[in-house]
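Enquirer: Sharing final_11.tsv, TSV, C-alpha atoms:
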chain	number	residue	atom	x	y	z
A	275	MET	CA	48.79	42.90	-10.95
A	276	LYS	CA	47.72	40.77	-13.89
A	277	ASN	CA	48.59	37.61	-11.94
A	278	LEU	CA	46.49	38.80	-8.97
A	279	LYS	CA	43.45	39.37	-11.20
A	280	GLN	CA	43.86	35.95	-12.78
A	281	ALA	CA	44.16	34.37	-9.34
A	282	ALA	CA	40.94	36.10	-8.27
A	283	VAL	CA	39.12	34.87	-11.38
A	284	ASN	CA	40.36	31.33	-10.75
A	285	ALA	CA	39.22	31.53	-7.12
A	286	VAL	CA	35.72	32.57	-8.21
A	287	LYS	CA	35.56	29.72	-10.72
A	288	ILE	CA	36.64	27.21	-8.08
A	289	SER	CA	34.07	28.56	-5.63
A	290	MET	CA	31.31	28.27	-8.23
A	291	ALA	CA	32.37	24.73	-9.08
A	292	VAL	CA	32.34	23.75	-5.39
A	293	LEU	CA	28.92	25.35	-4.95
A	294	LEU	CA	27.59	23.42	-7.96
A	295	ILE	CA	28.91	20.13	-6.55
A	296	ILE	CA	27.34	20.84	-3.15
A	297	THR	CA	24.01	21.81	-4.71
A	298	THR	CA	23.96	18.75	-6.97
A	299	THR	CA	24.89	16.44	-4.10
A	300	ALA	CA	22.13	17.91	-1.94
A	301	ALA	CA	19.61	17.48	-4.73
A	302	PHE	CA	20.55	13.82	-5.19
A	303	ALA	CA	20.36	13.27	-1.43
A	304	GLN	CA	16.92	14.86	-1.31
A	305	LYS	CA	15.71	12.74	-4.25
A	306	LYS	CA	17.10	9.47	-2.87
A	307	GLU	CA	15.74	6.59	-4.91
A	308	VAL	CA	13.18	4.46	-3.12
A	309	LYS	CA	14.08	0.77	-3.51
A	310	ASN	CA	12.25	-0.75	-0.52
A	311	VAL	CA	8.68	-2.06	-0.80
A	312	VAL	CA	6.58	-3.54	2.01
A	313	LEU	CA	3.49	-5.52	0.96
A	314	VAL	CA	0.58	-5.78	3.41
A	315	HIS	CA	-2.25	-8.28	2.96
A	316	GLY	CA	-5.84	-7.77	4.04
A	317	ALA	CA	-8.52	-9.83	5.76
A	318	PHE	CA	-9.22	-13.46	4.79
A	319	ALA	CA	-5.76	-13.74	3.22
A	320	ASP	CA	-2.08	-14.12	4.01
A	321	GLY	CA	1.18	-12.95	2.49
A	322	SER	CA	1.40	-15.73	-0.11
A	323	GLY	CA	-0.98	-13.87	-2.42
A	324	TRP	CA	1.78	-11.35	-3.09
A	325	GLU	CA	4.11	-13.88	-4.73
A	326	GLY	CA	3.48	-12.71	-8.31
A	327	VAL	CA	4.00	-9.02	-7.49
A	328	TYR	CA	6.97	-9.88	-5.27
A	329	SER	CA	8.74	-11.79	-8.05
A	330	ILE	CA	8.31	-8.97	-10.57
A	331	LEU	CA	9.59	-6.32	-8.16
A	332	LYS	CA	12.58	-8.44	-7.12
A	333	LYS	CA	13.59	-8.89	-10.76
A	334	LYS	CA	13.44	-5.09	-11.12
A	335	GLY	CA	15.94	-4.70	-8.28
A	336	TYR	CA	13.62	-3.78	-5.43
A	337	ASN	CA	14.10	-4.95	-1.85
A	338	VAL	CA	10.67	-6.45	-1.07
A	339	SER	CA	9.25	-7.47	2.31
A	340	VAL	CA	5.90	-9.16	2.92
A	341	ALA	CA	4.49	-8.19	6.31
A	342	ALA	CA	3.09	-11.07	8.37
A	343	ASN	CA	0.19	-9.21	9.95
A	344	PRO	CA	-1.91	-11.73	11.94
A	345	ASN	CA	-5.35	-10.05	11.57
A	346	THR	CA	-5.85	-10.50	15.32
A	347	SER	CA	-6.29	-6.80	16.16
A	348	PHE	CA	-5.60	-3.47	14.50
A	349	ALA	CA	-2.75	-2.75	16.93
A	350	ASP	CA	-1.18	-6.18	16.28
A	351	ASP	CA	-1.39	-5.70	12.51
A	352	VAL	CA	0.13	-2.22	12.57
A	353	ALA	CA	2.91	-3.49	14.86
A	354	ALA	CA	3.73	-6.28	12.37
A	355	VAL	CA	4.15	-3.74	9.57
A	356	LYS	CA	6.29	-1.49	11.75
A	357	ARG	CA	8.57	-4.45	12.52
A	358	ALA	CA	9.01	-5.00	8.80
A	359	LEU	CA	9.86	-1.32	8.33
A	360	ASP	CA	12.39	-1.46	11.18
A	361	GLN	CA	14.43	-4.01	9.23
A	362	LEU	CA	14.92	-1.65	6.29
A	363	ASP	CA	17.71	0.74	5.46
A	364	GLY	CA	16.28	3.73	3.62
A	365	PRO	CA	12.81	4.90	2.57
A	366	ALA	CA	10.03	2.51	1.61
A	367	ILE	CA	6.75	2.29	-0.26
A	368	LEU	CA	3.94	0.73	1.76
A	369	VAL	CA	1.40	-1.27	-0.24
A	370	GLY	CA	-1.90	-2.34	1.30
A	371	HIS	CA	-4.71	-4.52	-0.04
A	372	SER	CA	-8.29	-4.31	1.27
A	373	TYR	CA	-8.13	-4.07	5.10
A	374	GLY	CA	-4.39	-3.66	4.63
A	375	GLY	CA	-5.20	-0.16	3.41
A	376	ALA	CA	-6.30	0.78	6.92
A	377	ILE	CA	-3.11	-0.73	8.33
A	378	ILE	CA	-0.82	1.30	6.06
A	379	THR	CA	-2.85	4.45	6.75
A	380	GLU	CA	-1.60	4.18	10.35
A	381	ALA	CA	1.81	2.55	9.83
A	382	GLY	CA	2.49	5.00	7.00
A	383	ASN	CA	3.14	7.76	9.52
A	384	SER	CA	6.60	6.27	10.03
A	385	ASP	CA	9.48	8.48	8.90
A	386	LYS	CA	10.68	5.57	6.77
A	387	VAL	CA	7.58	5.63	4.57
A	388	ALA	CA	7.93	7.68	1.39
A	389	GLY	CA	4.62	6.81	-0.25
A	390	LEU	CA	1.47	4.68	-0.03
A	391	VAL	CA	-0.15	2.36	-2.57
A	392	TYR	CA	-3.72	1.22	-1.99
A	393	ILE	CA	-5.07	-1.78	-3.91
A	394	SER	CA	-8.88	-2.20	-3.82
A	395	ALA	CA	-8.41	-1.04	-0.26
A	396	PHE	CA	-10.00	0.86	2.57
A	397	VAL	CA	-8.59	4.37	3.01
A	398	PRO	CA	-10.02	5.67	6.28
A	399	ASP	CA	-9.85	9.29	7.27
A	400	SER	CA	-8.62	10.38	10.69
A	401	ASN	CA	-10.94	9.08	13.45
A	402	GLU	CA	-13.04	7.14	10.91
A	403	THR	CA	-13.79	3.44	11.41
A	404	LEU	CA	-14.05	0.73	8.79
A	405	ILE	CA	-17.63	-0.03	9.84
A	406	SER	CA	-18.63	3.57	9.17
A	407	LEU	CA	-17.00	3.35	5.73
A	408	LEU	CA	-18.84	0.10	4.98
A	409	GLN	CA	-22.15	1.62	6.04
A	410	SER	CA	-21.67	4.87	4.13
A	411	GLY	CA	-22.92	3.39	0.85
A	412	PRO	CA	-24.71	0.37	-0.57
A	413	PRO	CA	-22.83	-2.91	0.03
A	414	ALA	CA	-21.42	-5.00	-2.77
A	415	PRO	CA	-24.33	-7.34	-3.64
A	416	ASN	CA	-22.14	-10.44	-3.90
A	417	SER	CA	-19.94	-9.83	-0.85
A	418	GLY	CA	-19.48	-12.87	1.37
A	419	ILE	CA	-18.35	-11.10	4.54
A	420	LEU	CA	-20.14	-12.91	7.37
A	421	PRO	CA	-21.25	-11.59	10.78
A	422	PRO	CA	-18.74	-12.14	13.61
A	423	SER	CA	-18.54	-15.65	15.02
A	424	LYS	CA	-18.90	-16.41	18.75
A	425	ASP	CA	-15.16	-15.96	19.29
A	426	GLY	CA	-15.20	-12.47	17.73
A	427	PHE	CA	-13.69	-13.23	14.32
A	428	VAL	CA	-15.07	-12.53	10.86
A	429	TRP	CA	-14.92	-15.07	8.04
A	430	TYR	CA	-15.72	-14.91	4.33
A	431	ASP	CA	-18.52	-17.20	3.19
A	432	LYS	CA	-16.90	-20.10	1.30
A	433	ALA	CA	-19.96	-20.39	-0.94
A	434	LYS	CA	-19.35	-16.85	-2.20
A	435	PHE	CA	-15.56	-16.84	-2.03
A	436	HIS	CA	-14.91	-17.46	-5.72
A	437	SER	CA	-17.59	-15.14	-7.12
A	438	GLY	CA	-17.28	-12.42	-4.48
A	439	PHE	CA	-13.57	-12.40	-3.64
A	440	CYS	CA	-11.58	-13.73	-6.59
A	441	ALA	CA	-13.82	-14.32	-9.61
A	442	ASP	CA	-10.95	-13.89	-12.09
A	443	LEU	CA	-8.88	-16.72	-10.58
A	444	PRO	CA	-9.22	-20.43	-11.45
A	445	LYS	CA	-11.82	-22.34	-9.44
A	446	GLN	CA	-9.24	-24.66	-7.90
A	447	LYS	CA	-7.14	-21.75	-6.64
A	448	ALA	CA	-10.24	-20.03	-5.27
A	449	GLU	CA	-11.18	-23.18	-3.35
A	450	PHE	CA	-7.72	-23.37	-1.81
A	451	MET	CA	-7.82	-19.70	-0.82
A	452	ALA	CA	-11.27	-20.16	0.74
A	453	ASP	CA	-10.11	-23.16	2.75
A	454	SER	CA	-6.89	-21.43	3.87
A	455	GLN	CA	-8.40	-18.02	4.60
A	456	VAL	CA	-7.23	-16.09	7.67
A	457	PRO	CA	-10.19	-14.72	9.64
A	458	CYS	CA	-10.09	-11.15	10.87
A	459	SER	CA	-10.86	-9.94	14.37
A	460	ALA	CA	-14.18	-8.12	14.38
A	461	SER	CA	-12.53	-5.46	16.54
A	462	VAL	CA	-10.62	-4.04	13.56
A	463	PHE	CA	-13.87	-2.73	12.06
A	464	GLY	CA	-14.29	-0.41	15.06
A	465	ALA	CA	-10.68	0.79	15.20
A	466	SER	CA	-9.82	4.32	14.15
A	467	ILE	CA	-6.65	6.20	13.24
A	468	PRO	CA	-5.74	9.51	14.91
A	469	ASN	CA	-3.73	10.78	11.93
A	470	ALA	CA	-4.24	9.39	8.43
A	471	ALA	CA	-0.84	9.06	6.74
A	472	TRP	CA	-2.22	9.91	3.29
A	473	LYS	CA	-2.65	13.49	4.45
A	474	THR	CA	1.12	13.94	4.50
A	475	LYS	CA	2.41	11.18	2.18
A	476	PRO	CA	1.88	10.85	-1.61
A	477	SER	CA	-0.62	8.12	-2.46
A	478	TRP	CA	-1.54	5.85	-5.36
A	479	TYR	CA	-4.70	3.78	-5.72
A	480	ILE	CA	-5.69	0.79	-7.87
A	481	VAL	CA	-9.44	0.54	-8.40
A	482	ALA	CA	-10.52	-3.02	-9.19
A	483	THR	CA	-13.39	-2.37	-11.59
A	484	GLU	CA	-14.94	-5.84	-11.11
A	485	ASP	CA	-14.65	-5.87	-7.30
A	486	GLN	CA	-17.52	-7.69	-5.56
A	487	THR	CA	-16.29	-7.12	-2.00
A	488	ILE	CA	-15.64	-3.36	-1.88
A	489	PRO	CA	-17.80	-1.53	-4.44
A	490	PRO	CA	-15.63	0.14	-7.13
A	491	ASP	CA	-17.47	3.44	-6.61
A	492	ALA	CA	-16.52	3.33	-2.93
A	493	GLU	CA	-12.91	2.76	-3.97
A	494	ARG	CA	-13.08	5.75	-6.32
A	495	PHE	CA	-14.51	7.92	-3.53
A	496	MET	CA	-11.78	6.98	-1.06
A	497	ALA	CA	-9.04	7.44	-3.68
A	498	LYS	CA	-10.32	10.87	-4.65
A	499	ARG	CA	-10.62	11.98	-1.04
A	500	ALA	CA	-7.00	10.94	-0.44
A	501	ASN	CA	-5.89	12.83	-3.56
A	502	ALA	CA	-4.35	9.58	-4.80
A	503	LYS	CA	-3.11	8.96	-8.31
A	504	VAL	CA	-5.68	6.46	-9.61
A	505	THR	CA	-5.24	3.51	-11.95
A	506	GLU	CA	-8.28	1.43	-12.86
A	507	ILE	CA	-7.66	-2.24	-13.66
A	508	LYS	CA	-10.26	-4.75	-14.76
A	509	GLY	CA	-10.11	-7.36	-12.04
A	510	SER	CA	-11.64	-8.81	-8.91
A	511	HIS	CA	-11.02	-7.82	-5.29
A	512	VAL	CA	-7.66	-9.62	-5.53
A	513	VAL	CA	-6.59	-7.82	-8.69
A	514	PHE	CA	-2.99	-7.91	-7.44
A	515	ILE	CA	-3.06	-11.72	-7.81
A	516	SER	CA	-4.82	-11.84	-11.18
A	517	GLN	CA	-2.95	-8.84	-12.63
A	518	PRO	CA	0.50	-8.84	-10.94
A	519	LYS	CA	2.30	-7.04	-13.80
A	520	LEU	CA	-0.11	-4.09	-13.88
A	521	THR	CA	-0.06	-3.93	-10.09
A	522	ALA	CA	3.74	-3.94	-9.99
A	523	ASP	CA	3.80	-1.15	-12.58
A	524	VAL	CA	1.83	1.10	-10.22
A	525	ILE	CA	4.14	0.27	-7.31
A	526	ILE	CA	7.19	1.06	-9.44
A	527	ALA	CA	5.61	4.36	-10.46
A	528	ALA	CA	5.00	5.15	-6.79
A	529	ALA	CA	8.63	4.40	-5.93
A	530	ALA	CA	9.79	6.68	-8.75
A	531	GLY	CA	7.38	9.42	-7.74
A	532	SER	CA	8.28	9.41	-4.04
A	533	SER	CA	11.39	10.81	-2.41
A	534	LYS	CA	12.81	11.19	1.06
Here is the file; what I need is its structure written in the form of structure tokens.
Expert:
Amino acid sequence: MKNLKQAAVNAVKISMAVLLIITTTAAFAQKKEVKNVVLVHGAFADGSGWEGVYSILKKKGYNVSVAANPNTSFADDVAAVKRALDQLDGPAILVGHSYGGAIITEAGNSDKVAGLVYISAFVPDSNETLISLLQSGPPAPNSGILPPSKDGFVWYDKAKFHSGFCADLPKQKAEFMADSQVPCSASVFGASIPNAAWKTKPSWYIVATEDQTIPPDAERFMAKRANAKVTEIKGSHVVFISQPKLTADVIIAAAAGSSK
């Protein structure tokens, strides 16, 4: 009889141990670490601007991709980001700068996306266009965004590029960026998103307090509306180039704070 009771006690202990292992395993599976990051550039730029952030994240052990969105149409740009996501195994953080914020707000609906990071970026709501966002408040007084050219593309005024786009970068670098800028199809400013990903995905936002292209107050408004975790960094519109370490810190925090 005594042996039967001991056997029953042992069986209960084994069952509890198995249950604990299953519960712990499920918890770890649910909180799978996010180690993939996809960086998305905005208008008048290309992926090379991400080099500083990329290098820091790679040294920290992250798998980093830089999306080659062509800025030829909103659909083309979203498709480029989705192709980058398709190459990944596991969840990812999407990071968008400027117009890239609109791109990740659509592409972020992918099941592979665990969280969103906006850097001095547009954060449109569902069915809201970029032009309506731009017209909702006073423009940045030093912005160099020009009217569309005859072929339907928008350029940034080279005369204002340094002061309006990247005032905290050396003059020589600003000149190179101005001369190598990638124009953006004017059509993207009229595009809208049926379902904004930030409504279902956790979001982070870097406000560039010295931004002369998107007013910092507009950035604060969009970040608050998206219920994003906000970090303010003293820097120009391309704060991710001038302050790569602080930018990478926010992305790392987003990866740690997101789970799939």
Enquirer: Would you tabulate, counting all atoms listed in the file, all residues of segment 456-509 of chain A that have an atom at most 6 Å from an atom of segment 375-398 of chain A, showing the closest pair of atoms and their distance in Å to one decimal, sorted by chain then ascending number, as a tab-separated table?
Expert:
residue	atom	partner	partner_atom	distance
A:Ala470	CA	A:Thr379	CA	5.4
A:Ala471	CA	A:Asn383	CA	5.0
A:Lys475	CA	A:Gly389	CA	5.5
A:Pro476	CA	A:Gly389	CA	5.1
A:Ser477	CA	A:Leu390	CA	4.7
A:Trp478	CA	A:Val391	CA	4.7
A:Tyr479	CA	A:Tyr392	CA	4.6
A:Ile480	CA	A:Ile393	CA	4.8
A:Val481	CA	A:Ser394	CA	5.4
A:Ala482	CA	A:Ser394	CA	5.7
A:Met496	CA	A:Val397	CA	5.8
Enquirer: Go ahead and save the picked residues with C-alpha atoms, as a PDB file, in the coordinates of the input.
Expert:
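Saved to out_35.pdb:
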ATOM      1  CA  ALA A 470      -4.240   9.390   8.430  1.00  0.00           C
ATOM      2  CA  ALA A 471      -0.840   9.060   6.740  1.00  0.00           C
ATOM      3  CA  LYS A 475       2.410  11.180   2.180  1.00  0.00           C
ATOM      4  CA  PRO A 476       1.880  10.850  -1.610  1.00  0.00           C
ATOM      5  CA  SER A 477      -0.620   8.120  -2.460  1.00  0.00           C
ATOM      6  CA  TRP A 478      -1.540   5.850  -5.360  1.00  0.00           C
ATOM      7  CA  TYR A 479      -4.700   3.780  -5.720  1.00  0.00           C
ATOM      8  CA  ILE A 480      -5.690   0.790  -7.870  1.00  0.00           C
ATOM      9  CA  VAL A 481      -9.440   0.540  -8.400  1.00  0.00           C
ATOM     10  CA  ALA A 482     -10.520  -3.020  -9.190  1.00  0.00           C
ATOM     11  CA  MET A 496     -11.780   6.980  -1.060  1.00  0.00           C
TER      12      MET A 496
END
Enquirer: Given the choices A:Ala354, A:Leu362, A:Thr403, A:Ile367, which gets closest to Ala522 of chain A if the distance is worked out from all atoms listed in the file?
Expert: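 Of the candidates, the smallest distance to Ala522 of chain A is held by A:Ile367.
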Enquirer: With only C-alpha atoms as the atoms that count, which of A:Lys508, A:Lys334, A:Arg357, A:Lys519 lies nearest to Asp442 of chain A?
Expert: A:Lys508
Enquirer: Near Ala465 of chain A, within 10 Å and counting all atoms listed in the file, which residues show up once chain neighbours fewer than 2 positions away are dropped, as a list in words?
Expert: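 Answer for this query is Ser347, Phe348, Ala349, Ala376, Asn401, Glu402, Thr403, Leu404, Ile405, Ala460, Ser461, Val462, Phe463 and Ile467 of chain A.
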Enquirer: Just checking: using all atoms listed in the file, which residue out of A:Thr346, A:Thr505, A:Asn337, A:Ser410 ends up closest to Ala527 of chain A?
Expert: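 The answer is A:Thr505, which sits nearest to Ala527 of chain A.
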Enquirer: Could you check how far atom CA of Asp320 of chain A sits from atom CA of Asn343 of chain A, in Å to one decimal?
Expert: 8.0 Å
Enquirer: Considering only C-alpha atoms, can you say which of A:Leu420, A:Ser454, A:Ser510, A:Pro468 comes closest to Ser437 of chain A?
Expert: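 Answer, going by the shortest atom-to-atom distance: A:Ser510.
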Enquirer: For Ala441 of chain A, which residue out of A:Pro490, A:Gly509, A:Gly321, A:Gly335 is the nearest one, using only C-alpha atoms?
Expert: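 For Ala441 of chain A, the nearest of the candidates is A:Gly509.
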Enquirer: Env of Ala433 of chain A: 12 Å cut, atoms = all atoms listed in the file, seq-sep filter 2 positions within chain, self excluded. Answer as a list in words.
Expert: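 The residues that qualify are Asn416, Ser417, Gly418, Ile419, Leu420, Trp429, Tyr430, Asp431, Phe435, His436, Ser437, Gly438, Phe439, Lys445, Ala448, Glu449, Ala452 and Asp453 of chain A.
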Enquirer: Which residue gives the smallest distance to Trp324 of chain A among A:Gly364, A:Gly370, A:Pro489, A:Gly531, with all atoms listed in the file counted?
Expert: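 Counting all atoms listed in the file, the residue closest to Trp324 of chain A is A:Gly370.
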Enquirer: Name the residues within 10 Å of (-6.6, 12.6, -4.6), counting all atoms listed in the file in the file's coordinates, and put them as a list in words.
Expert: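 Residues found, by chain and rising number: Trp472, Lys473, Pro476, Ser477, Trp478, Tyr479, Arg494, Phe495, Met496, Ala497, Lys498, Arg499, Ala500, Asn501, Ala502, Lys503 and Val504 of chain A.
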Enquirer: Tell me which protein, DNA and RNA residues are within 12 Å of Gln361 of chain A, counting only C-alpha atoms, leaving out same-chain ones fewer than 6 positions away, and put them as a ChimeraX atom specification.
Expert: /A:310-312,337-341,354-355,386
Enquirer: Please identify all polymer residues within 9 Å of Val456 of chain A, counting only C-alpha atoms, omitting same-chain residues fewer than 5 positions from it, and present them as a PyMOL selection string.
Expert: chain A and resi 317-320+344-345+429
Enquirer: Neighbours of Gly411 of chain A within 10 Å (all atoms listed in the file; same-chain residues fewer than 4 positions away dropped), as a PyMOL selection string?
Expert: chain A and resi 406-407+489+491-492
Enquirer: So the first atom is atom CA of Ile330 of chain A and the second is atom CA of Phe450 of chain A; what is the distance between them in Å, to one decimal place?
Expert: 23.3 Å
